[in-house]
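Visitor: Take a look at run_22.csv, CSV, C-alpha atoms:
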```csv
chain,number,residue,atom,x,y,z
A,14,MET,CA,100.5,-0.2,13.7
A,15,LYS,CA,101.7,-0.3,10.1
A,16,ILE,CA,101.1,-3.7,8.4
A,17,VAL,CA,101.1,-5.5,5.1
A,18,TYR,CA,98.3,-8.0,4.5
A,19,LEU,CA,98.3,-11.1,2.3
A,20,GLY,CA,95.2,-13.1,1.5
A,21,ILE,CA,92.0,-13.9,-0.4
A,22,ASP,CA,88.4,-13.7,0.7
A,23,LEU,CA,88.6,-17.0,2.7
A,24,LEU,CA,89.7,-15.1,5.8
A,25,HIS,CA,88.5,-11.6,4.8
A,26,PRO,CA,87.3,-11.0,8.4
A,27,VAL,CA,91.0,-10.9,9.5
A,28,LEU,CA,91.5,-7.9,7.2
A,29,CYS,CA,88.3,-6.2,8.5
A,30,SER,CA,89.4,-6.7,12.1
A,31,LEU,CA,92.8,-5.2,11.5
A,32,LEU,CA,91.2,-2.2,10.0
A,33,GLN,CA,88.8,-2.0,13.0
A,34,GLU,CA,91.8,-2.0,15.2
A,35,ARG,CA,93.0,1.1,13.3
A,36,CYS,CA,96.0,-0.6,11.8
A,37,GLU,CA,97.5,1.2,8.8
A,38,VAL,CA,97.4,-1.4,6.0
A,39,MET,CA,100.3,-0.2,3.7
A,40,LYS,CA,99.6,-2.7,1.0
A,41,ILE,CA,97.5,-5.8,0.2
A,42,PHE,CA,98.8,-8.8,-1.7
A,43,THR,CA,96.0,-11.1,-3.0
A,44,CYS,CA,95.8,-13.8,-5.6
A,45,ARG,CA,93.9,-14.5,-8.8
A,46,THR,CA,90.9,-16.7,-8.0
A,47,ASP,CA,88.2,-18.4,-10.1
A,48,ASN,CA,85.5,-16.3,-8.3
A,49,ILE,CA,83.2,-19.3,-8.4
A,50,THR,CA,84.3,-21.2,-5.3
A,51,GLU,CA,87.2,-19.0,-4.2
A,52,PHE,CA,87.1,-15.3,-4.3
A,53,ASN,CA,89.2,-12.1,-4.0
A,54,THR,CA,86.3,-9.7,-4.6
A,55,ASP,CA,85.8,-8.7,-0.9
A,56,VAL,CA,89.5,-8.1,-0.4
A,57,THR,CA,89.6,-6.0,-3.6
A,58,ALA,CA,86.6,-4.0,-2.6
A,59,THR,CA,88.0,-3.3,0.9
A,60,ALA,CA,91.2,-2.1,-0.6
A,61,ALA,CA,89.4,0.3,-2.9
A,62,ALA,CA,87.1,1.5,-0.1
A,63,TYR,CA,90.1,2.3,2.2
A,64,GLY,CA,92.5,3.5,-0.6
A,65,ILE,CA,94.9,0.7,0.1
A,66,PRO,CA,97.4,-0.3,-2.7
A,67,LEU,CA,96.6,-3.8,-3.9
A,68,THR,CA,98.5,-6.2,-6.2
A,69,LEU,CA,98.0,-9.6,-7.7
A,70,ASN,CA,101.7,-10.0,-8.1
A,71,ARG,CA,103.4,-12.6,-5.9
A,72,ILE,CA,105.2,-11.1,-2.9
A,73,THR,CA,109.0,-11.1,-3.1
A,74,ARG,CA,111.8,-10.6,-0.7
A,75,GLN,CA,112.4,-7.2,-2.2
A,76,ASP,CA,108.8,-6.2,-1.5
A,77,LEU,CA,109.3,-7.1,2.1
A,78,GLN,CA,112.6,-5.2,2.4
A,79,GLU,CA,111.0,-2.1,0.9
A,80,LEU,CA,108.0,-2.3,3.2
A,81,ARG,CA,110.1,-2.8,6.2
A,82,GLU,CA,112.2,0.2,5.3
A,83,ALA,CA,109.0,2.2,4.8
A,84,GLY,CA,108.0,1.4,8.4
A,85,CYS,CA,106.1,-1.8,8.2
A,86,GLU,CA,105.8,-3.4,11.7
A,87,LEU,CA,103.9,-6.6,10.9
A,88,LEU,CA,103.0,-8.9,8.1
A,89,VAL,CA,99.7,-10.8,8.4
A,90,CYS,CA,99.1,-13.7,6.1
A,91,ALA,CA,95.5,-15.1,5.9
A,92,GLY,CA,94.8,-17.5,3.1
A,93,TYR,CA,97.5,-16.7,0.5
A,94,TYR,CA,98.4,-19.2,-2.2
A,95,TYR,CA,102.2,-18.7,-2.4
A,96,ARG,CA,105.2,-19.4,-0.2
A,97,VAL,CA,106.3,-16.1,1.4
A,98,PRO,CA,110.0,-15.3,2.0
A,99,VAL,CA,110.8,-15.0,5.7
A,100,LEU,CA,112.6,-11.7,6.4
A,101,ASP,CA,114.6,-11.3,9.7
A,102,GLY,CA,113.5,-8.2,11.6
A,103,LEU,CA,109.9,-8.2,10.4
A,104,PRO,CA,107.4,-10.0,12.5
A,105,MET,CA,105.4,-12.3,10.2
A,106,VAL,CA,102.2,-14.0,11.4
A,107,ASN,CA,100.1,-16.6,9.6
A,108,VAL,CA,96.4,-17.2,10.4
A,109,HIS,CA,95.7,-20.9,10.0
A,110,PRO,CA,92.1,-22.4,10.3
A,111,SER,CA,93.0,-25.5,12.3
A,112,PRO,CA,94.2,-26.1,15.8
A,113,LEU,CA,97.9,-26.5,15.1
A,114,PRO,CA,100.0,-28.6,15.3
A,115,LEU,CA,97.1,-30.7,14.0
A,116,GLY,CA,96.2,-30.0,10.4
A,117,ARG,CA,99.3,-28.5,8.9
A,118,GLY,CA,98.8,-27.9,5.2
A,119,ALA,CA,97.0,-25.6,2.7
A,120,TRP,CA,93.4,-26.9,3.2
A,121,PRO,CA,92.8,-28.6,6.5
A,122,MET,CA,89.2,-27.6,7.1
A,123,PRO,CA,87.5,-30.1,4.8
A,124,LEU,CA,89.6,-32.9,6.2
A,125,ILE,CA,88.7,-32.1,9.8
A,126,ILE,CA,85.1,-32.7,8.9
A,127,LYS,CA,85.7,-35.6,6.6
A,128,LYS,CA,87.8,-37.4,9.2
A,129,GLY,CA,85.0,-37.0,11.7
A,130,LEU,CA,87.2,-35.2,14.3
A,131,SER,CA,85.5,-33.8,17.4
A,132,SER,CA,87.1,-30.3,17.3
A,133,GLY,CA,88.5,-27.7,15.0
A,134,GLY,CA,90.2,-24.3,15.6
A,135,VAL,CA,92.2,-21.4,14.4
A,136,THR,CA,95.8,-20.6,15.1
A,137,MET,CA,98.0,-17.5,14.8
A,138,HIS,CA,101.7,-18.5,14.5
A,139,LYS,CA,105.0,-17.1,13.5
A,140,MET,CA,105.9,-17.7,9.9
A,141,THR,CA,109.0,-19.8,9.2
A,142,GLU,CA,110.6,-21.3,6.1
A,143,GLU,CA,108.7,-24.6,6.8
A,144,PHE,CA,104.9,-24.4,6.3
A,145,ASP,CA,102.7,-24.0,9.4
A,146,CYS,CA,105.4,-25.0,11.8
A,147,GLY,CA,106.2,-21.7,13.5
A,148,ASP,CA,105.7,-21.0,17.2
A,149,ILE,CA,102.1,-20.4,18.3
A,150,LEU,CA,101.1,-16.9,19.4
A,151,LEU,CA,97.3,-17.5,19.8
A,152,ARG,CA,95.1,-20.5,19.4
A,153,GLU,CA,91.4,-21.1,19.9
A,154,SER,CA,89.4,-24.4,19.5
A,155,PHE,CA,85.7,-25.2,19.0
A,156,PRO,CA,83.6,-28.4,18.8
A,157,ILE,CA,82.7,-29.9,15.4
A,158,ARG,CA,78.9,-30.0,15.6
A,159,GLU,CA,76.5,-32.5,14.0
A,160,ASN,CA,75.9,-31.6,10.4
A,161,GLU,CA,78.9,-29.2,10.4
A,162,THR,CA,79.7,-28.0,6.9
A,163,LEU,CA,82.8,-26.2,5.6
A,164,GLN,CA,80.7,-23.0,5.5
A,165,THR,CA,79.6,-23.3,9.2
A,166,TYR,CA,83.1,-24.4,10.2
A,167,MET,CA,84.5,-21.1,8.8
A,168,GLU,CA,81.7,-19.2,10.6
A,169,GLN,CA,83.0,-20.6,13.8
A,170,VAL,CA,86.5,-19.5,12.9
A,171,PHE,CA,85.2,-16.0,12.2
A,172,GLN,CA,83.7,-15.7,15.7
A,173,PHE,CA,87.2,-15.8,17.2
A,174,VAL,CA,88.9,-13.5,14.7
A,175,PRO,CA,88.1,-10.1,16.2
A,176,SER,CA,89.4,-10.9,19.7
A,177,MET,CA,92.5,-12.7,18.3
A,178,VAL,CA,93.4,-9.8,16.1
A,179,HIS,CA,92.9,-7.4,19.0
A,180,SER,CA,95.3,-9.4,21.1
A,181,LEU,CA,97.8,-9.7,18.2
A,182,VAL,CA,98.1,-5.9,17.6
A,183,THR,CA,97.9,-4.8,21.2
A,184,ASP,CA,100.2,-7.5,22.7
A,185,LEU,CA,102.5,-8.3,19.8
A,186,PRO,CA,105.9,-7.9,21.6
A,187,GLU,CA,104.7,-10.1,24.5
A,188,LEU,CA,103.2,-12.7,22.2
A,189,LEU,CA,106.4,-12.9,20.2
A,190,MET,CA,108.5,-13.4,23.4
A,191,THR,CA,106.1,-16.0,24.9
A,192,ALA,CA,105.3,-17.9,21.7
A,193,VAL,CA,105.1,-21.7,22.2
A,194,PRO,CA,106.9,-24.1,20.0
A,195,GLN,CA,104.5,-26.5,18.2
A,196,GLY,CA,106.5,-29.7,18.7
A,197,GLU,CA,105.5,-32.7,16.7
A,198,GLY,CA,102.6,-32.1,14.5
A,199,GLU,CA,100.6,-33.7,11.7
A,200,TYR,CA,100.8,-32.5,8.1
A,201,TRP,CA,97.8,-33.2,5.8
A,202,PRO,CA,98.4,-33.1,2.0
A,203,ASN,CA,95.9,-31.3,-0.1
A,204,PRO,CA,92.7,-33.2,-0.8
A,205,VAL,CA,92.4,-34.8,-4.2
A,206,GLU,CA,89.4,-35.6,-6.4
A,207,GLU,CA,88.9,-39.0,-4.8
A,208,ASP,CA,88.3,-37.2,-1.5
A,209,TRP,CA,85.4,-35.1,-2.8
A,210,THR,CA,83.9,-37.9,-5.0
A,211,VAL,CA,80.5,-39.5,-4.1
A,212,THR,CA,79.3,-42.7,-5.6
A,213,PRO,CA,75.8,-44.4,-5.6
A,214,ASP,CA,77.1,-47.3,-3.5
A,215,MET,CA,78.0,-45.0,-0.5
A,216,ASN,CA,75.5,-44.9,2.3
A,217,VAL,CA,73.7,-41.6,2.9
A,218,GLU,CA,75.8,-40.7,6.0
A,219,GLU,CA,79.1,-41.2,4.2
A,220,ALA,CA,78.0,-39.2,1.2
A,221,ASP,CA,76.7,-36.4,3.3
A,222,ARG,CA,79.9,-36.2,5.3
A,223,ILE,CA,81.9,-35.7,2.1
A,224,LEU,CA,79.4,-33.1,0.8
A,225,ARG,CA,79.5,-31.3,4.1
A,226,ALA,CA,83.3,-31.3,4.2
A,227,PHE,CA,83.6,-29.6,0.8
A,228,TYR,CA,80.4,-27.6,0.9
A,229,GLY,CA,80.6,-24.6,-1.4
A,230,TYR,CA,83.3,-26.3,-3.5
A,231,GLU,CA,82.9,-28.7,-6.4
A,232,CYS,CA,82.1,-32.3,-5.5
A,233,ILE,CA,81.8,-35.1,-8.0
A,234,TYR,CA,78.9,-37.6,-8.2
A,235,LYS,CA,80.4,-40.5,-10.2
A,236,THR,CA,78.7,-43.6,-11.7
A,237,SER,CA,79.9,-46.1,-14.3
A,238,ARG,CA,78.4,-43.9,-17.0
A,239,GLU,CA,78.9,-40.3,-16.0
A,240,ARG,CA,80.5,-37.7,-13.8
A,241,VAL,CA,78.5,-34.8,-12.5
A,242,GLU,CA,79.8,-31.7,-10.6
A,243,LEU,CA,77.8,-30.7,-7.6
A,244,ILE,CA,78.2,-27.4,-5.6
A,245,GLY,CA,76.3,-26.9,-2.4
A,246,GLY,CA,75.2,-30.5,-2.2
A,247,ARG,CA,73.8,-32.5,0.7
A,248,ALA,CA,72.6,-36.0,1.1
A,249,ARG,CA,69.1,-36.7,2.6
A,250,LYS,CA,67.7,-39.9,4.0
A,251,GLY,CA,64.7,-41.4,2.1
A,252,ASN,CA,63.8,-43.6,-0.8
A,253,PRO,CA,66.4,-43.1,-3.5
A,254,GLN,CA,64.1,-44.3,-6.3
A,255,GLY,CA,63.2,-41.7,-8.8
A,256,HIS,CA,66.0,-39.3,-7.7
A,257,VAL,CA,68.7,-38.2,-10.1
A,258,PHE,CA,71.6,-38.8,-7.6
A,259,PRO,CA,70.7,-41.8,-5.4
A,260,VAL,CA,72.9,-43.2,-2.7
A,261,ARG,CA,72.3,-46.1,-0.3
A,262,GLY,CA,69.4,-45.1,2.0
A,263,GLY,CA,68.9,-41.7,0.4
A,264,TYR,CA,69.6,-39.2,-2.3
A,265,ILE,CA,71.6,-36.1,-3.0
A,266,TYR,CA,70.3,-32.6,-3.9
A,267,ALA,CA,72.5,-29.6,-4.8
A,268,GLU,CA,72.3,-25.9,-5.4
A,269,ARG,CA,74.4,-26.1,-8.7
A,270,ILE,CA,74.8,-29.0,-11.1
A,271,ARG,CA,77.0,-29.4,-14.1
A,272,MET,CA,77.6,-32.4,-16.3
A,273,LEU,CA,81.2,-33.2,-16.9
```
Please express what this file holds, its structure, as structure tokens.

Guide:
Amino acid sequence: MKIVYLGIDLLHPVLCSLLQERCEVMKIFTCRTDNITEFNTDVTATAAAYGIPLTLNRITRQDLQELREAGCELLVCAGYYYRVPVLDGLPMVNVHPSPLPLGRGAWPMPLIIKKGLSSGGVTMHKMTEEFDCGDILLRESFPIRENETLQTYMEQVFQFVPSMVHSLVTDLPELLMTAVPQGEGEYWPNPVEEDWTVTPDMNVEEADRILRAFYGYECIYKTSRERVELIGGRARKGNPQGHVFPVRGGYIYAERIRML
């Protein structure tokens, strides 16, 4: 199957699974990333290894028309920053790391953990002009475990990717015909700095839930005097006295620390 792929490293296993299914990836569209918390290095390396044309340019309707005329049979979007034009006659599928229709929006995974929900998931759905609202082709769910972090959440997502990709490319006509409308859903706006900010007056459980939800990304430890950026932070129970980042009933430690 000839496909075009859109995405950064967030869902790189989707690209790997498509290649394992012997899909011909005609072109990859990726995005500029900071390569500190979000990356495009794996996607770029995969493109180079397989000789796949890659661009950082935003995909256009003309790109889609040219690809369709060249024989493209499917577009797969898996973590792409930009709105994608919807082109009639070209199946277009988005991979979304939440159990739609719950968690529409660009970054639902941290909020699933921060809200304390009991389950997460991954969905493949038709792309429409409205974000994350297309009919569902495939969907899997999994439990949110105690001490789940954003990193371990994505590892659960990745466990389902190979089988879902296999079904997508082998049963695409049937999946498109039997796709299920989402119905009423729930859209979550992008988190803002307040969502990933921890303060000394928070208890250790609340602080750790925030740090787990945004694990691997920047979190802020904020006092009346300073703001500190923490990456890879967790909160631990214990006596907070003598620790640099105390919270009620414990303290915070982090892999990377930067004064702001």

Visitor: Could you give me, as a short mmCIF file (atom, residue, chain, number, x, y, z; two decimals) with C-alpha atoms, in the frame of the given file, the residues that have an atom at most 9 Å away from the point (95.2, -8.8, -1.4) in the coordinates of the file, using all atoms listed in the file?

Guide:
```cif
data_model
loop_
_atom_site.label_atom_id
_atom_site.label_comp_id
_atom_site.auth_asym_id
_atom_site.auth_seq_id
_atom_site.Cartn_x
_atom_site.Cartn_y
_atom_site.Cartn_z
CA TYR A 18 98.30 -8.00 4.50
CA LEU A 19 98.30 -11.10 2.30
CA GLY A 20 95.20 -13.10 1.50
CA ILE A 21 92.00 -13.90 -0.40
CA ASP A 22 88.40 -13.70 0.70
CA LYS A 40 99.60 -2.70 1.00
CA ILE A 41 97.50 -5.80 0.20
CA PHE A 42 98.80 -8.80 -1.70
CA THR A 43 96.00 -11.10 -3.00
CA CYS A 44 95.80 -13.80 -5.60
CA ASN A 53 89.20 -12.10 -4.00
CA VAL A 56 89.50 -8.10 -0.40
CA THR A 57 89.60 -6.00 -3.60
CA ALA A 60 91.20 -2.10 -0.60
CA PRO A 66 97.40 -0.30 -2.70
CA LEU A 67 96.60 -3.80 -3.90
CA THR A 68 98.50 -6.20 -6.20
CA LEU A 69 98.00 -9.60 -7.70
CA TYR A 93 97.50 -16.70 0.50
#
```

Visitor: As a list of chain:residue names, please: the residues near A:Lys128 (cut-off 9 Å, only C-alpha atoms, same-chain neighbours under 4 positions excluded).

Guide: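 Everything that qualifies: A:Pro123, A:Leu124, A:Arg222.
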
Visitor: Write out the residues from the selection above, keeping C-alpha atoms, as a PDB file, keeping the file's coordinate frame.

Guide:
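Below is the file selection_23.pdb, written as the result:
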```pdb
ATOM      1  CA  PRO A 123      87.500 -30.100   4.800  1.00  0.00           C
ATOM      2  CA  LEU A 124      89.600 -32.900   6.200  1.00  0.00           C
ATOM      3  CA  ARG A 222      79.900 -36.200   5.300  1.00  0.00           C
TER       4      ARG A 222
END
```

Visitor: Atom CA of A:Tyr94 and atom CA of A:Leu77, how far apart in Å?

Guide: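 Between atom CA of A:Leu77 and atom CA of A:Tyr94 the gap is 16.8 Å.
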
Visitor: Find the distance between atom CA of A:Glu51 and atom CA of A:Pro110 and write it in Å to one decimal.

Guide: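 Taking atom CA of A:Glu51 and atom CA of A:Pro110, their separation equals 15.7 Å.
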
Visitor: Could you list, as a ChimeraX atom specification, every residue within 7 Å of A:Tyr264, counting only C-alpha atoms and ignoring same-chain residues fewer than 5 positions away?

Guide: /A:248-251,253,256,258-259

Visitor: Limited to C-alpha atoms, could you put the picked residues into a file as an mmCIF file, in the frame of the given file?

Guide:
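File selection27.cif, as written:
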```
data_model
loop_
_atom_site.group_PDB
_atom_site.id
_atom_site.type_symbol
_atom_site.label_atom_id
_atom_site.label_comp_id
_atom_site.auth_asym_id
_atom_site.auth_seq_id
_atom_site.Cartn_x
_atom_site.Cartn_y
_atom_site.Cartn_z
ATOM 1 C CA ALA A 248 72.600 -36.000 1.100
ATOM 2 C CA ARG A 249 69.100 -36.700 2.600
ATOM 3 C CA LYS A 250 67.700 -39.900 4.000
ATOM 4 C CA GLY A 251 64.700 -41.400 2.100
ATOM 5 C CA PRO A 253 66.400 -43.100 -3.500
ATOM 6 C CA HIS A 256 66.000 -39.300 -7.700
ATOM 7 C CA PHE A 258 71.600 -38.800 -7.600
ATOM 8 C CA PRO A 259 70.700 -41.800 -5.400
#
```

Visitor: Taking only C-alpha atoms into account, produce a table as CSV in which each residue of stretch 96-192 of chain A with an atom at most 12 Å from an atom of stretch 230-240 of chain A appears once, together with its shortest atom pair and the distance in Å to one decimal, ordered by chain and rising number.

Guide:
```
residue,atom,partner,partner_atom,distance
A:Pro123,CA,A:Tyr230,CA,10.0
A:Thr162,CA,A:Tyr230,CA,11.1
A:Leu163,CA,A:Tyr230,CA,9.1
A:Gln164,CA,A:Tyr230,CA,9.9
```

Visitor: Could you work out how far atom CA of A:Phe173 lies from atom CA of A:Tyr63, giving the answer in Å with one decimal?

Guide: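 Distance between the two atoms: 23.7 Å.
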
Visitor: Neighbouring residues of A:Trp201 were defined as those with any atom within 6 Å, considering all atoms listed in the file; residues of the same chain fewer than 4 positions away were excluded. Please report them as a ChimeraX atom specification.

Guide: /A:116-118

Visitor: Give the answer as one residue: which of A:Ile265, A:Ile16, A:Met140, A:Leu31 has the shortest atom-to-atom distance to A:Ser180, using all atoms listed in the file?

Guide: A:Leu31

Visitor: Which residues come within 9 Å of A:Arg269, counting only C-alpha atoms, excluding same-chain residues fewer than 6 positions away, as a list in words?

Guide: Glu242, Leu243, Ile244, Gly245 and Gly246 of chain A

Visitor: Go ahead and dump the residues you just picked, C-alpha atoms, as a PDB file, in the frame of the given file.

Guide:
```pdb
ATOM      1  CA  GLU A 242      79.800 -31.700 -10.600  1.00  0.00           C
ATOM      2  CA  LEU A 243      77.800 -30.700  -7.600  1.00  0.00           C
ATOM      3  CA  ILE A 244      78.200 -27.400  -5.600  1.00  0.00           C
ATOM      4  CA  GLY A 245      76.300 -26.900  -2.400  1.00  0.00           C
ATOM      5  CA  GLY A 246      75.200 -30.500  -2.200  1.00  0.00           C
TER       6      GLY A 246
END
```

Visitor: Using all atoms listed in the file, list the residues that have an atom at most 12 Å from (100.9, -16.4, 11.6), coordinates as in the file, as a PyMOL selection string.

Guide: chain A and resi 18-19+27+87-93+97+99+104-110+113+135-141+144-152+177-178+181+185+188-189+192
